[in-house]
$ cat structure_29.txt   # compact mmCIF, C-alpha atoms
# COMPACT_ATOMS: atom_id res chain seq x y z
CA MET Z 269 0.00 0.00 0.00
CA PRO Z 270 1.53 3.40 -0.88
CA ARG Z 271 2.56 5.40 2.20
CA ILE Z 272 0.36 8.34 1.28
CA LEU Z 273 -2.82 6.25 1.24
CA PRO Z 274 -3.40 6.06 5.04
CA LYS Z 275 -3.03 9.85 5.22
CA ILE Z 276 -5.59 10.34 2.46
CA ILE Z 277 -8.01 7.94 4.18
CA ALA Z 278 -7.47 9.75 7.50
CA LEU Z 279 -8.25 13.09 5.82
CA ALA Z 280 -11.34 11.66 4.18
CA VAL Z 281 -12.65 10.26 7.47
CA LEU Z 282 -11.85 13.46 9.40
CA PRO Z 283 -15.14 15.25 8.48
CA LEU Z 284 -17.08 12.44 10.15
CA GLY Z 285 -15.60 13.47 13.47
CA LEU Z 286 -15.67 17.19 12.86
CA ALA Z 287 -18.56 19.51 12.19
CA ALA Z 288 -18.75 23.26 12.01
CA CYS Z 289 -20.77 24.81 14.84
CA VAL Z 290 -24.09 26.62 14.62
CA SER Z 291 -25.57 28.94 17.21
CA SER Z 292 -29.30 29.59 17.19
CA ALA Z 293 -31.89 31.49 19.18
CA VAL Z 294 -35.64 30.86 19.09
CA GLU Z 295 -38.33 33.22 20.37
CA GLN Z 296 -41.97 32.38 20.78
CA LEU Z 297 -44.87 34.78 21.06
CA ARG Z 298 -48.10 33.02 21.93
CA HIS Z 299 -51.56 34.60 21.76
CA THR Z 300 -53.65 31.50 22.52
CA PRO Z 301 -53.31 28.19 24.39
CA VAL Z 302 -52.29 24.99 22.60
CA GLY Z 303 -54.34 24.36 19.47
CA LEU Z 304 -55.99 20.95 19.32
CA VAL Z 305 -56.16 19.14 15.99
CA GLU Z 306 -59.37 17.11 15.95
CA ASP Z 307 -60.06 14.01 13.84
CA GLY Z 308 -60.30 14.88 10.14
CA GLU Z 309 -58.55 18.21 10.57
CA THR Z 310 -55.22 19.00 8.95
CA ILE Z 311 -52.37 21.49 9.14
CA VAL Z 312 -50.74 23.06 6.10
CA VAL Z 313 -47.26 24.56 5.96
CA LEU Z 314 -46.87 27.35 3.39
CA GLY Z 315 -43.76 29.24 2.32
CA ARG Z 316 -44.21 32.98 1.81
CA ARG Z 317 -43.47 34.07 -1.75
CA GLN Z 318 -44.63 37.67 -1.67
CA ASN Z 319 -41.34 39.24 -0.69
CA PHE Z 320 -39.77 41.09 -3.59
CA ARG Z 321 -36.21 40.20 -2.56
CA HIS Z 322 -36.61 36.59 -1.55
CA GLN Z 323 -38.94 33.68 -1.28
CA THR Z 324 -38.73 31.14 1.51
CA GLU Z 325 -36.61 28.26 0.24
CA ARG Z 326 -38.46 25.09 -0.68
CA ASP Z 327 -35.77 23.12 1.23
CA PHE Z 328 -36.71 24.93 4.42
CA THR Z 329 -40.47 24.47 3.97
CA GLU Z 330 -39.96 20.77 3.23
CA CYS Z 331 -37.66 20.39 6.22
CA VAL Z 332 -40.26 21.89 8.58
CA TYR Z 333 -43.00 19.75 6.96
CA ASN Z 334 -40.95 16.56 7.44
CA ASN Z 335 -40.09 17.47 11.04
CA LEU Z 336 -43.78 18.00 11.82
CA LEU Z 337 -44.65 14.69 10.16
CA ARG Z 338 -42.21 13.00 12.53
CA GLN Z 339 -44.13 14.64 15.39
CA LYS Z 340 -47.20 12.76 14.06
CA LEU Z 341 -49.13 15.92 13.19
CA PRO Z 342 -51.71 15.49 10.39
CA LEU Z 343 -50.29 17.53 7.52
CA LYS Z 344 -51.63 18.41 4.11
CA PRO Z 345 -49.16 19.01 1.25
CA GLU Z 346 -48.78 22.66 0.22
CA ARG Z 347 -49.68 22.00 -3.41
CA GLN Z 348 -52.92 20.20 -2.49
CA PHE Z 349 -54.00 23.13 -0.32
CA MET Z 350 -53.07 25.68 -3.01
CA ASP Z 351 -55.20 23.74 -5.53
CA GLU Z 352 -58.13 23.36 -3.13
CA MET Z 353 -58.18 27.09 -2.41
CA PHE Z 354 -57.11 28.23 -5.90
CA PRO Z 355 -56.25 31.02 -6.51
CA TRP Z 356 -56.78 32.69 -3.12
CA PHE Z 357 -53.42 31.67 -1.65
CA GLN Z 358 -51.37 32.47 -4.76
CA PRO Z 359 -48.69 35.10 -3.96
CA ARG Z 360 -50.72 37.89 -5.62
CA MET Z 361 -53.77 37.22 -3.44
CA ALA Z 362 -52.62 35.44 -0.29
CA PRO Z 363 -53.72 37.29 2.86
CA LEU Z 364 -50.82 38.77 4.80
CA THR Z 365 -52.61 38.97 8.15
CA ALA Z 366 -55.28 37.00 9.98
CA ASP Z 367 -57.58 40.03 9.71
CA ALA Z 368 -57.13 40.04 5.93
CA LEU Z 369 -57.95 36.32 5.93
CA ALA Z 370 -61.14 36.97 7.89
CA ALA Z 371 -62.12 39.66 5.38
CA ARG Z 372 -61.37 37.31 2.47
CA LEU Z 373 -63.53 34.58 3.98
CA GLN Z 374 -66.57 36.85 3.75
CA GLU Z 375 -66.75 35.28 0.28
CA PRO Z 376 -69.18 32.37 0.98
CA ALA Z 377 -67.76 30.06 -1.73
CA LEU Z 378 -64.29 30.35 -0.21
CA ALA Z 379 -65.47 29.86 3.38
CA GLU Z 380 -67.43 26.77 2.32
CA ARG Z 381 -64.43 25.29 0.50
CA LEU Z 382 -62.20 25.89 3.49
CA GLN Z 383 -64.62 24.07 5.75
CA GLN Z 384 -64.92 21.17 3.30
CA SER Z 385 -61.14 20.89 3.00
CA GLY Z 386 -60.70 20.29 6.74
CA THR Z 387 -57.70 22.62 6.95
CA ARG Z 388 -57.67 23.78 10.57
CA TYR Z 389 -54.27 25.48 10.93
CA VAL Z 390 -52.07 27.31 8.43
CA VAL Z 391 -48.40 27.76 9.25
CA TRP Z 392 -46.77 30.54 7.23
CA LEU Z 393 -42.99 30.37 6.97
CA ASP Z 394 -41.06 33.44 5.94
CA GLY Z 395 -37.34 34.04 5.81
CA ILE Z 396 -34.12 33.03 4.14
CA THR Z 397 -30.59 31.81 4.77
CA ASN Z 398 -28.06 34.36 3.54
CA ARG Z 399 -24.39 33.97 2.86
CA GLY Z 400 -22.48 36.36 5.15
CA GLU Z 401 -18.77 37.13 5.25
CA ASP Z 402 -16.31 34.80 3.58
CA GLY Z 403 -12.58 34.56 3.14
CA GLY Z 404 -9.50 32.40 2.78
CA THR Z 405 -7.68 31.09 -0.24
CA MET Z 406 -7.20 27.74 -1.84
CA SER Z 407 -5.11 26.72 -4.79
CA CYS Z 408 -5.38 23.49 -6.67
CA SER Z 409 -3.16 22.09 -9.36
CA VAL Z 410 -3.47 19.11 -11.63
CA GLY Z 411 -0.54 17.32 -13.20
CA ILE Z 412 0.13 14.09 -15.03
CA GLY Z 413 0.55 12.23 -11.73
CA GLY Z 414 -2.69 13.59 -10.18
CA GLY Z 415 -3.93 16.72 -8.45
CA ALA Z 416 -3.78 18.39 -5.07
CA CYS Z 417 -5.17 21.41 -3.24
CA LEU Z 418 -3.76 23.53 -0.44
CA GLY Z 419 -5.44 26.27 1.56
CA LEU Z 420 -8.49 27.17 3.64
CA LEU Z 421 -11.86 28.67 2.70
CA TRP Z 422 -14.50 29.80 5.15
CA TRP Z 423 -17.86 31.52 5.05
CA GLU Z 424 -20.71 32.42 7.33
CA ASP Z 425 -24.38 31.57 6.84
CA ASP Z 426 -27.09 33.56 8.62
CA ALA Z 427 -30.58 32.13 8.78
CA GLU Z 428 -33.56 34.24 9.85
CA TYR Z 429 -37.03 32.71 9.74
CA GLU Z 430 -40.41 33.44 11.17
CA ALA Z 431 -43.40 31.13 11.48
CA VAL Z 432 -46.91 32.48 12.03
CA ILE Z 433 -49.72 30.07 12.89
CA TRP Z 434 -53.31 30.87 11.96
CA ASP Z 435 -56.34 29.09 13.34
CA MET Z 436 -58.68 28.85 10.36
CA GLN Z 437 -61.70 28.26 12.63
CA SER Z 438 -61.36 31.33 14.85
CA LEU Z 439 -59.59 33.24 12.03
CA LYS Z 440 -57.02 34.50 14.53
CA SER Z 441 -53.27 34.31 14.71
CA MET Z 442 -52.20 31.87 17.44
CA GLY Z 443 -48.74 33.30 17.70
CA LYS Z 444 -45.37 33.73 16.13
CA ILE Z 445 -42.03 31.92 16.29
CA ALA Z 446 -38.82 33.68 15.29
CA VAL Z 447 -35.53 31.88 14.86
CA GLU Z 448 -32.07 33.18 14.10
CA ALA Z 449 -29.17 30.85 13.45
CA SER Z 450 -25.66 31.48 12.28
CA GLY Z 451 -22.78 29.20 11.53
CA THR Z 452 -19.37 29.25 9.89
CA SER Z 453 -18.38 26.60 7.37
CA TYR Z 454 -14.76 25.69 6.61
CA VAL Z 455 -13.07 23.89 3.77
CA PRO Z 456 -9.45 23.10 4.72
CA ALA Z 457 -7.41 21.45 2.02
CA VAL Z 458 -4.16 19.52 2.33
CA ILE Z 459 -4.16 17.55 -0.91
CA ILE Z 460 -7.96 16.90 -0.68
CA PRO Z 461 -10.46 19.68 0.26
CA ILE Z 462 -12.56 18.61 3.25
CA PRO Z 463 -15.84 20.53 3.60
CA LEU Z 464 -16.91 21.13 7.21
CA LEU Z 465 -20.33 22.61 6.60
CA ALA Z 466 -22.38 24.36 9.25
CA PRO Z 467 -25.99 23.09 9.09
CA THR Z 468 -27.40 26.57 9.69
CA GLN Z 469 -30.69 26.14 7.83
CA SER Z 470 -31.28 22.71 9.37
CA ALA Z 471 -30.75 24.12 12.86
CA ALA Z 472 -33.28 26.88 12.15
CA CYS Z 473 -35.70 24.32 10.72
CA ARG Z 474 -35.46 22.05 13.78
CA GLY Z 475 -35.93 25.05 16.09
CA VAL Z 476 -39.05 26.24 14.26
CA ALA Z 477 -40.57 22.75 13.92
CA LYS Z 478 -40.07 21.97 17.62
CA GLN Z 479 -41.86 25.18 18.60
CA ILE Z 480 -44.71 24.60 16.14
CA GLY Z 481 -45.14 21.18 17.75
CA GLU Z 482 -45.63 22.96 21.08
CA PHE Z 483 -48.33 25.19 19.57
CA LEU Z 484 -50.35 22.34 18.10
CA ASP Z 485 -51.44 19.09 19.67
CA ASN Z 486 -52.85 16.18 17.72
CA LYS Z 487 -55.56 14.59 19.86
CA ALA Z 488 -55.19 11.31 17.99
CA ARG Z 489 -51.43 10.86 18.53
CA MET V 14 -9.63 6.08 -24.77
CA SER V 15 -11.28 5.29 -28.09
CA ASP V 16 -12.66 8.03 -30.36
CA TRP V 17 -16.20 6.91 -29.61
CA ARG V 18 -15.73 7.62 -25.88
CA TYR V 19 -14.62 11.19 -26.71
CA ILE V 20 -17.74 11.65 -28.84
CA LEU V 21 -19.92 10.29 -26.03
CA LEU V 22 -18.29 12.71 -23.56
CA VAL V 23 -19.03 15.62 -25.91
CA ILE V 24 -22.67 14.52 -26.23
CA VAL V 25 -23.12 14.14 -22.47
CA PHE V 26 -21.37 17.30 -21.29
CA VAL V 27 -21.41 19.82 -24.13
CA LEU V 28 -24.60 19.43 -26.13
CA PRO V 29 -27.09 19.89 -23.24
CA GLY V 30 -25.48 23.28 -22.63
CA CYS V 31 -26.37 24.41 -26.16
CA SER V 32 -30.14 24.42 -25.83
CA GLN V 33 -32.84 24.09 -23.23
CA GLN V 34 -36.36 23.01 -24.06
CA VAL V 35 -39.32 23.38 -21.75
CA VAL V 36 -42.72 21.88 -22.49
CA LEU V 37 -45.57 23.24 -20.37
CA GLU V 38 -48.22 20.59 -19.79
CA GLN V 39 -49.99 22.02 -16.77
CA ASP V 40 -53.57 21.65 -15.68
CA PHE V 41 -55.13 24.38 -13.60
CA PRO V 42 -57.78 24.08 -10.89
CA ILE V 43 -61.13 25.78 -11.38
CA PRO V 44 -61.13 28.89 -9.14
CA VAL V 45 -63.17 28.86 -5.95
CA MET V 46 -65.61 31.74 -6.40
CA ARG V 47 -69.21 32.71 -6.93
CA THR V 48 -70.07 31.93 -10.55
CA ILE V 49 -71.74 34.61 -12.66
CA GLN V 50 -74.79 33.04 -14.31
CA GLN V 51 -74.15 34.48 -17.78
CA PRO V 52 -73.35 32.50 -20.93
CA ILE V 53 -69.98 33.23 -22.51
CA THR V 54 -67.92 31.68 -25.28
CA LEU V 55 -64.17 31.25 -24.95
CA TYR V 56 -62.42 31.54 -28.29
CA VAL V 57 -59.06 29.76 -28.24
CA SER V 58 -57.20 31.02 -31.29
CA PRO V 59 -54.63 28.94 -33.21
CA GLU V 60 -51.93 31.50 -32.19
CA LEU V 61 -52.65 30.91 -28.50
CA ARG V 62 -52.53 27.13 -28.89
CA SER V 63 -49.26 27.17 -30.76
CA TYR V 64 -47.42 29.87 -28.78
CA THR V 65 -43.72 29.09 -28.54
CA HIS V 66 -41.04 31.35 -27.15
CA SER V 67 -37.50 31.01 -28.41
CA GLU V 68 -34.63 33.14 -27.17
CA LYS V 69 -30.88 33.04 -26.93
CA PRO V 70 -29.70 35.33 -24.11
CA GLU V 71 -26.31 37.00 -24.43
CA LYS V 72 -24.97 34.65 -21.78
CA GLY V 73 -26.20 31.10 -21.64
CA ALA V 74 -28.08 28.54 -23.62
CA GLN V 75 -30.75 28.86 -26.27
CA TRP V 76 -34.18 28.45 -24.64
CA THR V 77 -37.38 27.23 -26.28
CA ILE V 78 -40.60 27.22 -24.28
CA PHE V 79 -43.54 25.31 -25.76
CA PHE V 80 -46.89 26.33 -24.33
CA GLY V 81 -48.94 23.74 -26.21
CA GLU V 82 -52.43 23.31 -24.76
CA SER V 83 -51.51 24.79 -21.38
CA ASN V 84 -52.76 28.29 -22.30
CA ALA V 85 -56.11 26.87 -23.45
CA ARG V 86 -56.38 24.86 -20.21
CA LEU V 87 -55.58 27.94 -18.13
CA PHE V 88 -58.27 30.14 -19.64
CA GLU V 89 -60.86 27.39 -19.82
CA SER V 90 -60.41 26.58 -16.10
CA VAL V 91 -60.50 30.21 -15.00
CA LEU V 92 -63.53 31.17 -17.07
CA ARG V 93 -65.37 27.97 -16.10
CA GLY V 94 -65.11 29.11 -12.49
CA MET V 95 -66.25 32.64 -13.31
CA PHE V 96 -69.13 32.16 -15.76
CA GLU V 97 -71.80 29.59 -16.40
CA PRO V 98 -72.48 28.20 -18.96
CA LEU V 99 -69.15 28.29 -20.81
CA THR V 100 -68.73 27.23 -24.42
CA VAL V 101 -65.26 26.72 -25.88
CA VAL V 102 -64.63 27.19 -29.61
CA TYR V 103 -61.44 26.89 -31.63
CA SER V 104 -62.71 28.78 -34.67
CA LEU V 105 -64.67 32.02 -34.81
CA ASP V 106 -67.03 30.37 -37.30
CA ASP V 107 -68.15 27.98 -34.58
CA ALA V 108 -69.28 30.79 -32.26
CA ALA V 109 -72.94 31.79 -32.22
CA ASP V 110 -73.62 35.19 -33.79
CA ASP V 111 -75.03 36.70 -30.61
CA ALA V 112 -72.49 35.11 -28.23
CA THR V 113 -70.34 37.18 -25.87
CA LEU V 114 -66.86 36.09 -26.81
CA ILE V 115 -63.75 36.16 -24.64
CA ARG V 116 -60.55 35.92 -26.63
CA PRO V 117 -57.29 35.55 -24.65
CA VAL V 118 -54.18 36.85 -26.40
CA MET V 119 -50.61 36.15 -25.30
CA HIS V 120 -48.51 39.19 -26.15
CA ASP V 121 -45.14 38.50 -24.61
CA TYR V 122 -43.08 36.07 -22.57
CA GLN V 123 -39.86 37.14 -20.89
CA PHE V 124 -37.53 35.30 -18.60
CA SER V 125 -34.43 35.81 -16.53
CA THR V 126 -31.97 33.14 -15.42
CA PRO V 127 -29.51 33.34 -12.50
CA GLY V 128 -26.78 33.71 -15.12
CA MET V 129 -28.48 36.80 -16.54
CA SER V 130 -29.53 38.46 -13.27
CA LYS V 131 -26.71 37.28 -10.93
CA GLY V 132 -29.56 36.31 -8.62
CA ASP V 133 -30.80 33.03 -7.19
CA TYR V 134 -34.00 32.70 -9.19
CA TYR V 135 -35.41 31.79 -12.57
CA GLU V 136 -38.06 34.44 -13.23
CA VAL V 137 -40.83 34.61 -15.81
CA TRP V 138 -43.11 37.43 -16.90
CA VAL V 139 -46.07 36.80 -19.20
CA LYS V 140 -48.16 39.52 -20.75
CA TYR V 141 -51.71 38.56 -21.70
CA SER V 142 -54.86 40.38 -22.64
CA LEU V 143 -58.50 39.36 -22.53
CA GLN V 144 -60.57 40.72 -25.37
CA MET V 145 -64.33 40.78 -25.06
CA LEU V 146 -66.32 40.78 -28.30
CA GLN V 147 -70.04 41.05 -28.95
CA PRO V 148 -71.01 40.33 -31.67
CA LYS V 149 -67.88 38.50 -32.70
CA ASN V 150 -66.55 41.29 -34.95
CA LYS V 151 -67.04 44.10 -32.40
CA GLN V 152 -64.47 44.47 -29.64
CA LEU V 153 -65.88 45.86 -26.39
CA LEU V 154 -62.79 45.50 -24.23
CA ASP V 155 -59.09 44.70 -24.47
CA TRP V 156 -57.85 44.27 -20.92
CA HIS V 157 -54.07 43.80 -20.53
CA PHE V 158 -52.34 42.29 -17.52
CA THR V 159 -48.95 40.86 -16.61
CA ALA V 160 -48.26 37.75 -14.57
CA TYR V 161 -45.07 36.80 -12.75
CA GLY V 162 -43.54 33.62 -11.41
CA ARG V 163 -40.17 32.61 -10.02
CA GLU V 164 -38.41 29.51 -8.81
CA GLU V 165 -35.15 29.11 -6.97
CA SER V 166 -32.24 27.69 -8.93
CA SER V 167 -30.78 25.47 -6.20
CA GLY V 168 -31.96 21.87 -6.18
CA ASN V 169 -33.42 22.14 -9.68
CA SER V 170 -32.23 21.52 -13.20
CA ALA V 171 -32.37 24.68 -15.34
CA SER V 172 -35.29 23.42 -17.41
CA SER V 173 -37.36 22.23 -14.43
CA ALA V 174 -36.78 25.57 -12.64
CA MET V 175 -37.91 27.44 -15.77
CA GLN V 176 -40.92 25.14 -16.08
CA GLU V 177 -41.91 25.78 -12.45
CA ALA V 178 -41.41 29.56 -12.82
CA SER V 179 -43.63 29.48 -15.94
CA ARG V 180 -46.25 27.38 -14.13
CA ARG V 181 -46.30 29.91 -11.30
CA ALA V 182 -46.60 32.80 -13.75
CA MET V 183 -49.62 31.13 -15.35
CA ARG V 184 -51.23 30.52 -11.96
CA ASP V 185 -50.55 34.18 -11.19
CA ALA V 186 -52.35 35.04 -14.44
CA ALA V 187 -55.37 33.12 -13.16
CA ALA V 188 -55.24 35.12 -9.92
CA ALA V 189 -54.99 38.37 -11.90
CA ILE V 190 -58.11 37.47 -13.93
CA VAL V 191 -60.10 36.49 -10.83
CA LEU V 192 -59.09 39.74 -9.13
CA GLY V 193 -59.35 42.13 -12.03
CA PHE V 194 -61.51 41.04 -14.96
CA THR V 195 -64.96 41.50 -13.45
CA LYS V 196 -63.89 44.87 -12.04
CA GLN V 197 -63.68 46.27 -15.57
CA ALA V 198 -66.56 48.67 -16.21
CA LYS V 199 -67.30 47.19 -19.64
CA VAL V 200 -67.53 43.68 -18.17
CA ARG V 201 -69.89 44.81 -15.41
CA GLU V 202 -72.02 46.66 -17.94
CA GLN V 203 -72.12 43.67 -20.31
CA PHE V 204 -73.19 41.20 -17.62
CA GLY V 205 -75.45 43.56 -15.67
CA LEU V 206 -73.28 43.57 -12.55
CA PRO V 207 -73.57 46.49 -10.09
CA PRO V 208 -70.71 49.04 -10.20
CA VAL V 209 -67.66 48.29 -8.03
CA LYS V 210 -67.78 50.08 -4.66
CA ARG V 211 -64.90 52.55 -4.29

$ encode --input "structure_29.txt" --output "structure tokens"
Amino acid sequence: MPRILPKIIALAVLPLGLAACVSSAVEQLRHTPVGLVEDGETIVVLGRRQNFRHQTERDFTECVYNNLLRQKLPLKPERQFMDEMFPWFQPRMAPLTADALAARLQEPALAERLQQSGTRYVVWLDGITNRGEDGGTMSCSVGIGGGACLGLLWWEDDAEYEAVIWDMQSLKSMGKIAVEASGTSYVPAVIIPIPLLAPTQSAACRGVAKQIGEFLDNKAR
Amino acid sequence: MSDWRYILLVIVFVLPGCSQQVVLEQDFPIPVMRTIQQPITLYVSPELRSYTHSEKPEKGAQWTIFFGESNARLFESVLRGMFEPLTVVYSLDDAADDATLIRPVMHDYQFSTPGMSKGDYYEVWVKYSLQMLQPKNKQLLDWHFTAYGREESSGNSASSAMQEASRRAMRDAAAAIVLGFTKQAKVREQFGLPPVKR
């Protein structure tokens, strides 16, 4: 076995033992007690798309959805809800506040459809993960005998998300969850670049999903 | 490596970068709303059914977007939710002489890719108009509106992101019609609807 091989294997295995750190803070503002989800009722998780500068990443919305599924909450897929209520939750028309929702539901056809659909709670997710400062250098070269890299790259990711939960029966906002997470990722390279990625968005997702689970209780679980 | 392997490499890595084709095959839900009990006829013109957008941006691949039947499906679904009964015709000759005709026209399709905008999104703008005719050679209204859709680039192939952005733009067009068409004074007059409260 060539002498370099154990070193390469050691470098490749290194990321398994290392991980970049993420710090996160979650705040909860609750207007009502825990919301009960009765038999036949569902929860829908929607990503806000109205913001001119950004739209909530699909990855994040899916992550929160999957986390809530693991908490055994009865969820309805976003696309199914959007089709059932078409086009009233399209970005052009979606109500921005619970009061606007109440006003919109003055339309009898819409109120009737909502009742038929069994959607009891709507969770709106808004926010984005932004790339912050970055730095470092890395140079790679390729020759006849192979290639190698040397150097260090790093960058920061800042995640800021907000979840607002609406009770579609009382047409009131149940409360708000805000999460901020930041983490620095590194890619050191001695021959092979080894990415040590900070799971910033995942940390924010877990924080939001855990808090949503505290807002809503499935009677059947 | 044999010559054939080089050719295969070129086909796999180079050719897909030369052109992108997107076929829109969407269906659209019928809008949830109070239906106006007035007969209308939707005229789907051959131009609307065959609309294709082809463009080669300064940077990036050649794009071709085929709308196919998706435009017809969009307008049929929206108008079916708004008016009852709805008749669909594909030739003006098939429309009754005294029918109130709605003719959708697609005027423009524009897009932006992350390569063009230095942003994170594929974006699409579609400009439509709804013409109202009664009888079929007299235009009462030509109402223009623009629809917008975007989709993030990460986690998507270029063509599927463009397809999703286009789908969202068309759903936005449906929302624009539901919000705006029956607010037009000519439409309210034609169907005997009370004036919009200011």

$ atom_distance --input "structure_29.txt" --atom1 "CA of Val35 (chain V)" --atom2 "CA of Cys331 (chain Z)"
28.2 Å

$ residues_around --input "structure_29.txt" --residues "Val313 (chain Z)" --least-positions-apart "2" --cutoff "7 Å" --atoms "only C-alpha atoms" --output "number ranges by chain"
Z: 311, 315, 333, 346, 390-392

$ closest_residue --input "structure_29.txt" --among "Z:Cys473, Z:Val294, Z:Met350, Z:Leu337" --to "Glu325 (chain Z)" --atoms "only C-alpha atoms"
Z:Cys473

$ interface_residues --input "structure_29.txt" --of "chain V" --to "chain Z" --cutoff "9 Å" --atoms "only C-alpha atoms" --output "ChimeraX atom specification"
/V:41-47,133-134,163-165,168,181,184-185,187-189,191-192

$ closest_residue --input "structure_29.txt" --among "Z:Ala416, Z:Cys408, Z:Val312, Z:Met436" --to "Arg372 (chain Z)" --atoms "all atoms listed in the file"
Z:Met436

$ closest_residue --input "structure_29.txt" --among "Z:Leu304, Z:Ile480, Z:Val455, Z:Cys417" --to "Gly403 (chain Z)" --atoms "only C-alpha atoms"
Z:Val455

$ residues_around --input "structure_29.txt" --residues "Ile49 (chain V)" --least-positions-apart "4" --cutoff "7 Å" --atoms "all atoms listed in the file" --output "number ranges by chain"
V: 95-97

$ atom_distance --input "structure_29.txt" --atom1 "CA of Asp121 (chain V)" --atom2 "CA of Thr100 (chain V)"
26.1 Å

$ atom_distance --input "structure_29.txt" --atom1 "CA of Lys140 (chain V)" --atom2 "CA of Pro59 (chain V)"
17.6 Å

$ build_atoms --input "structure_29.txt" --residues "region 406-411 of chain Z" --atoms "all heavy atoms" --output "tab-separated table (two decimals), keeping the file's coordinate frame"
chain	number	residue	atom	x	y	z
Z	406	MET	N	-7.53	29.14	-1.57
Z	406	MET	CA	-7.20	27.74	-1.84
Z	406	MET	C	-6.66	27.65	-3.26
Z	406	MET	O	-7.21	28.29	-4.16
Z	406	MET	CB	-8.43	26.85	-1.70
Z	406	MET	CG	-8.12	25.38	-1.87
Z	406	MET	SD	-9.58	24.33	-1.80
Z	406	MET	CE	-10.13	24.60	-0.15
Z	407	SER	N	-5.60	26.91	-3.43
Z	407	SER	CA	-5.11	26.72	-4.79
Z	407	SER	C	-5.02	25.23	-5.07
Z	407	SER	O	-4.64	24.45	-4.20
Z	407	SER	CB	-3.76	27.41	-4.99
Z	407	SER	OG	-2.85	26.89	-4.07
Z	408	CYS	N	-5.41	24.89	-6.25
Z	408	CYS	CA	-5.38	23.49	-6.67
Z	408	CYS	C	-4.57	23.38	-7.95
Z	408	CYS	O	-4.58	24.30	-8.78
Z	408	CYS	CB	-6.79	22.98	-6.93
Z	408	CYS	SG	-7.84	22.99	-5.47
Z	409	SER	N	-3.88	22.30	-8.10
Z	409	SER	CA	-3.16	22.09	-9.36
Z	409	SER	C	-3.31	20.64	-9.77
Z	409	SER	O	-3.46	19.75	-8.94
Z	409	SER	CB	-1.69	22.47	-9.22
Z	409	SER	OG	-1.13	21.71	-8.19
Z	410	VAL	N	-3.31	20.45	-11.08
Z	410	VAL	CA	-3.47	19.11	-11.63
Z	410	VAL	C	-2.28	18.85	-12.55
Z	410	VAL	O	-1.93	19.69	-13.37
Z	410	VAL	CB	-4.78	19.00	-12.44
Z	410	VAL	CG1	-4.96	17.61	-13.00
Z	410	VAL	CG2	-5.97	19.37	-11.57
Z	411	GLY	N	-1.66	17.71	-12.35
Z	411	GLY	CA	-0.54	17.32	-13.20
Z	411	GLY	C	-0.76	15.94	-13.75
Z	411	GLY	O	-1.83	15.36	-13.56
